[in-house]
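Since the structure comes first, as C-alpha cells, the remarks are kept for the end.
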Amino acid sequence: MSPRTERTYLTWIRRFAKWCRGRDCAPEDPGSARAFVEWLAGEQHVAASTQNQASSALAFLFVQVLGHSGPLELPRARPRRSLPAVLSPEEVRRVLKELRGPHRLVGALLYGSGLRLSECLSLRIKDISFEPPVITVCEGKGGRSRRTLLAHFAEAALRRQIERVKALHERDIQEGGGWAPLPGALYRRSPGDSRTLAWQYLFPAVSPRSDPATGRTGRRHIHPSAVQRAFKAAVQTSGIGKRASCHTLRHSFATHALRMGYD
C-alpha cells in the first residue's frame with residue numbers, strides 16, 4: 001500500500017485503541033470494532049467516506065495483523081453522489097492569478113493537465129517532456145501510471161521551475177546532500193539514481209531532511225497542506241464567490257475538455 005494509506009490506517013487504529021481504552025473494552029474484539037464504527041456514524045455524524053475509511057483500516061488490522069478468520073461485519077455507508085464543483089475558465093484565471101511562486105505552477109498543472117494534487121507534487125524532473133509535450137504520472141491513484149498532456153500555457157513556467165530545481169540540486173550536492181528518496185526498492189538496486197537531477201522532485205521542499213530508509217539527506221516535495229492553504233486563500237481573494245478546492249481544478253479541466261470536443 002502507499003505510504004499515505006499506511007499513515008491513514010495507523011491514524012484510525014490509534015483512534016480506535018484510544019476509544020477502547022476510554023470505554024474499557026477489548027480492542028482485539030471484533031464487536032468493539034463494530035461499535036466504534038457505529039459510534040462514528042451515529043454520534044460523530046462522519047461522512048460516508050470517512051466511515052468506510054475507518055472500516056477498511058480496522059478490517060486490515062483484524063484480518064492482516066491479528067489474523068482474525070471469522071466473519072468481520074463492519075458497517076459501511078453508501079456515499080452520497082453529488083455534482084462536483086466546476087469553475088469557468090475566467091474563474092480559473094482569477095484564482096490562479098492570486099497564487100504566488102510554485103503554488104501558481106501547481107495550480108496551472110492541476111487545471112492544464114488534469115492532475116490530482118498528490119500526483120502533481122510527486123512529479124520528478126524526468127516525468128516532464130516538452131517534445132512531445134507530455135507529463136508522465138507514475139503510480140497515480142490505485143498504483144496506475146498514465147500520460148497526460150502538458151498544457152502549452154504552463155511550458156515557460158515549467159522550464160523556469162526546472163532551472164530553479166537544477167540550481168538548488170547543485171547547491172545541495174556541494175553541501176553533501178542531494179539524495180532524493182526513490183520509490184520501492186530502487187534505492188537498493190540503483191542507489192546512484194537518487195542523486196541525479198532526473199529523480200529530483202519538481203516541487204522540492206524548502207529544507208532537506210534525512211531519509212529514514214537510507215539515512216541520506218535530500219529533499220522531499222512540498223507538503224500538500226501548504227498548497228491547499230494557499231489555494232483556499234486565493235479563492236477567497238479572487239472574489240469568485242464559490243467554494244473550491246485544489247481538486248476543483250481537475251473537475252474543471254475535465255468539464256472544459258469535454259465541452260471542447262475531447263473524448
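Please note that chains go A, B, ... in the order of the C-alpha cells, that every chain numbers its residues from 1, and that ligands are numbered from 1 in the order shown.
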
Shell around Pro30 in chain A at 8 Å using only C-alpha atoms, local window under 3 positions removed, as a PyMOL selection string: chain A and resi 27+33-34+62+72

For Cys120 in chain A, list every protein, DNA or RNA residue within 8 Å, evaluated using only C-alpha atoms, and leave out those in the same chain fewer than 3 positions away; present the list as an MDAnalysis selection string. chainID A and resid 106 109:110 115:117 123

Could you write those residues out with N, CA and C atoms, as a CSV table (one decimal), in the first residue's frame?
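As a result, selection32.csv now contains:
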chain,number,residue,atom,x,y,z
A,106,VAL,N,1.7,24.9,-9.6
A,106,VAL,CA,1.0,23.7,-9.2
A,106,VAL,C,-0.5,23.8,-9.7
A,109,LEU,N,-0.9,23.3,-13.4
A,109,LEU,CA,-0.8,21.9,-13.8
A,109,LEU,C,-2.0,21.1,-13.4
A,110,LEU,N,-2.6,21.4,-12.3
A,110,LEU,CA,-3.8,20.7,-11.9
A,110,LEU,C,-4.9,21.0,-12.9
A,115,LEU,N,-4.3,17.0,-13.3
A,115,LEU,CA,-3.7,16.2,-12.3
A,115,LEU,C,-4.4,16.3,-10.9
A,116,ARG,N,-4.3,15.2,-10.1
A,116,ARG,CA,-4.6,15.3,-8.7
A,116,ARG,C,-3.4,16.0,-8.0
A,117,LEU,N,-3.7,16.6,-6.8
A,117,LEU,CA,-2.7,17.3,-6.1
A,117,LEU,C,-1.5,16.4,-5.7
A,123,LEU,N,5.6,14.6,-8.9
A,123,LEU,CA,6.3,14.6,-10.2
A,123,LEU,C,7.8,14.8,-10.0

Do a neighbour search on range 175-178 of chain A at 12 Å with only C-alpha atoms, toss out local chain neighbours closer than 6 positions, and write the hits as a list of chain:residue names.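 In the requested format, the answer is A:Val165, A:Lys166, A:Ala167, A:Leu168, A:His169, A:Gly192, A:Asp193, A:Ser194, A:Arg195, A:Thr196, A:Leu197, A:Ala198, A:Trp199, A:Gln200, A:Tyr201, A:Pro204, A:Ser207, A:Pro208, A:Arg209, A:Ser210, A:Asp211, A:Gly215, A:Arg216, A:Thr217, A:Gly218, A:Arg219, A:Arg220.
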
May I have the selected residues written with C-alpha atoms, as a tab-separated table (two decimals), in the first residue's frame?
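Result saved to out.tsv:
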chain	number	residue	atom	x	y	z
A	165	VAL	CA	15.46	22.87	-9.14
A	166	LYS	CA	18.71	22.29	-11.04
A	167	ALA	CA	20.45	25.19	-9.26
A	168	LEU	CA	19.10	24.06	-5.89
A	169	HIS	CA	20.20	20.48	-6.53
A	192	GLY	CA	23.17	6.30	-7.55
A	193	ASP	CA	19.96	7.41	-9.28
A	194	SER	CA	18.90	9.12	-6.08
A	195	ARG	CA	21.44	11.90	-6.63
A	196	THR	CA	20.70	12.59	-10.29
A	197	LEU	CA	18.70	15.62	-11.43
A	198	ALA	CA	16.19	13.34	-13.17
A	199	TRP	CA	14.92	11.94	-9.86
A	200	GLN	CA	14.62	15.26	-8.02
A	201	TYR	CA	11.10	16.42	-7.22
A	204	PRO	CA	11.10	20.35	-3.71
A	207	SER	CA	14.50	22.33	3.68
A	208	PRO	CA	16.30	19.00	3.13
A	209	ARG	CA	15.94	16.17	5.61
A	210	SER	CA	17.30	12.72	6.26
A	211	ASP	CA	15.58	9.77	4.56
A	215	GLY	CA	19.98	7.86	6.18
A	216	ARG	CA	20.93	10.16	3.30
A	217	THR	CA	19.94	13.82	3.17
A	218	GLY	CA	17.71	15.10	0.39
A	219	ARG	CA	14.53	16.98	-0.37
A	220	ARG	CA	11.03	15.61	-0.47

Would you compute the distance between CA of Gly112 in chain A and CA of Phe253 in chain A? Give it in Å to one decimal. 6.6 Å

With only C-alpha atoms as the counted atoms, please give the residues lying no more than 12 Å from Leu87 in chain A, apart from itself and same-chain residues fewer than 5 positions off, as an NGL selection string. :A and (92-96 or 111 or 235 or 240-256)

State, in Å with one decimal place, the distance from CA of Thr50 in chain A to CA of Ala35 in chain A.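 Answer for the CA of Thr50 in chain A to CA of Ala35 in chain A separation: 15.4 Å.
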
Atom-to-atom span, CA of Ile222 in chain A and CA of Phe203 in chain A, Å: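 So the answer is 6.1 Å.
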
Quick one: everything within 12 Å of Glu131 in chain A, counting only C-alpha atoms, minus sequence neighbours fewer than 3 positions away in the same chain. Send it as a list in words.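 Here the qualifying residues turn out to be Ile128, Val134, Ile135, Leu149, Leu150, His152 and Glu155 of chain A.
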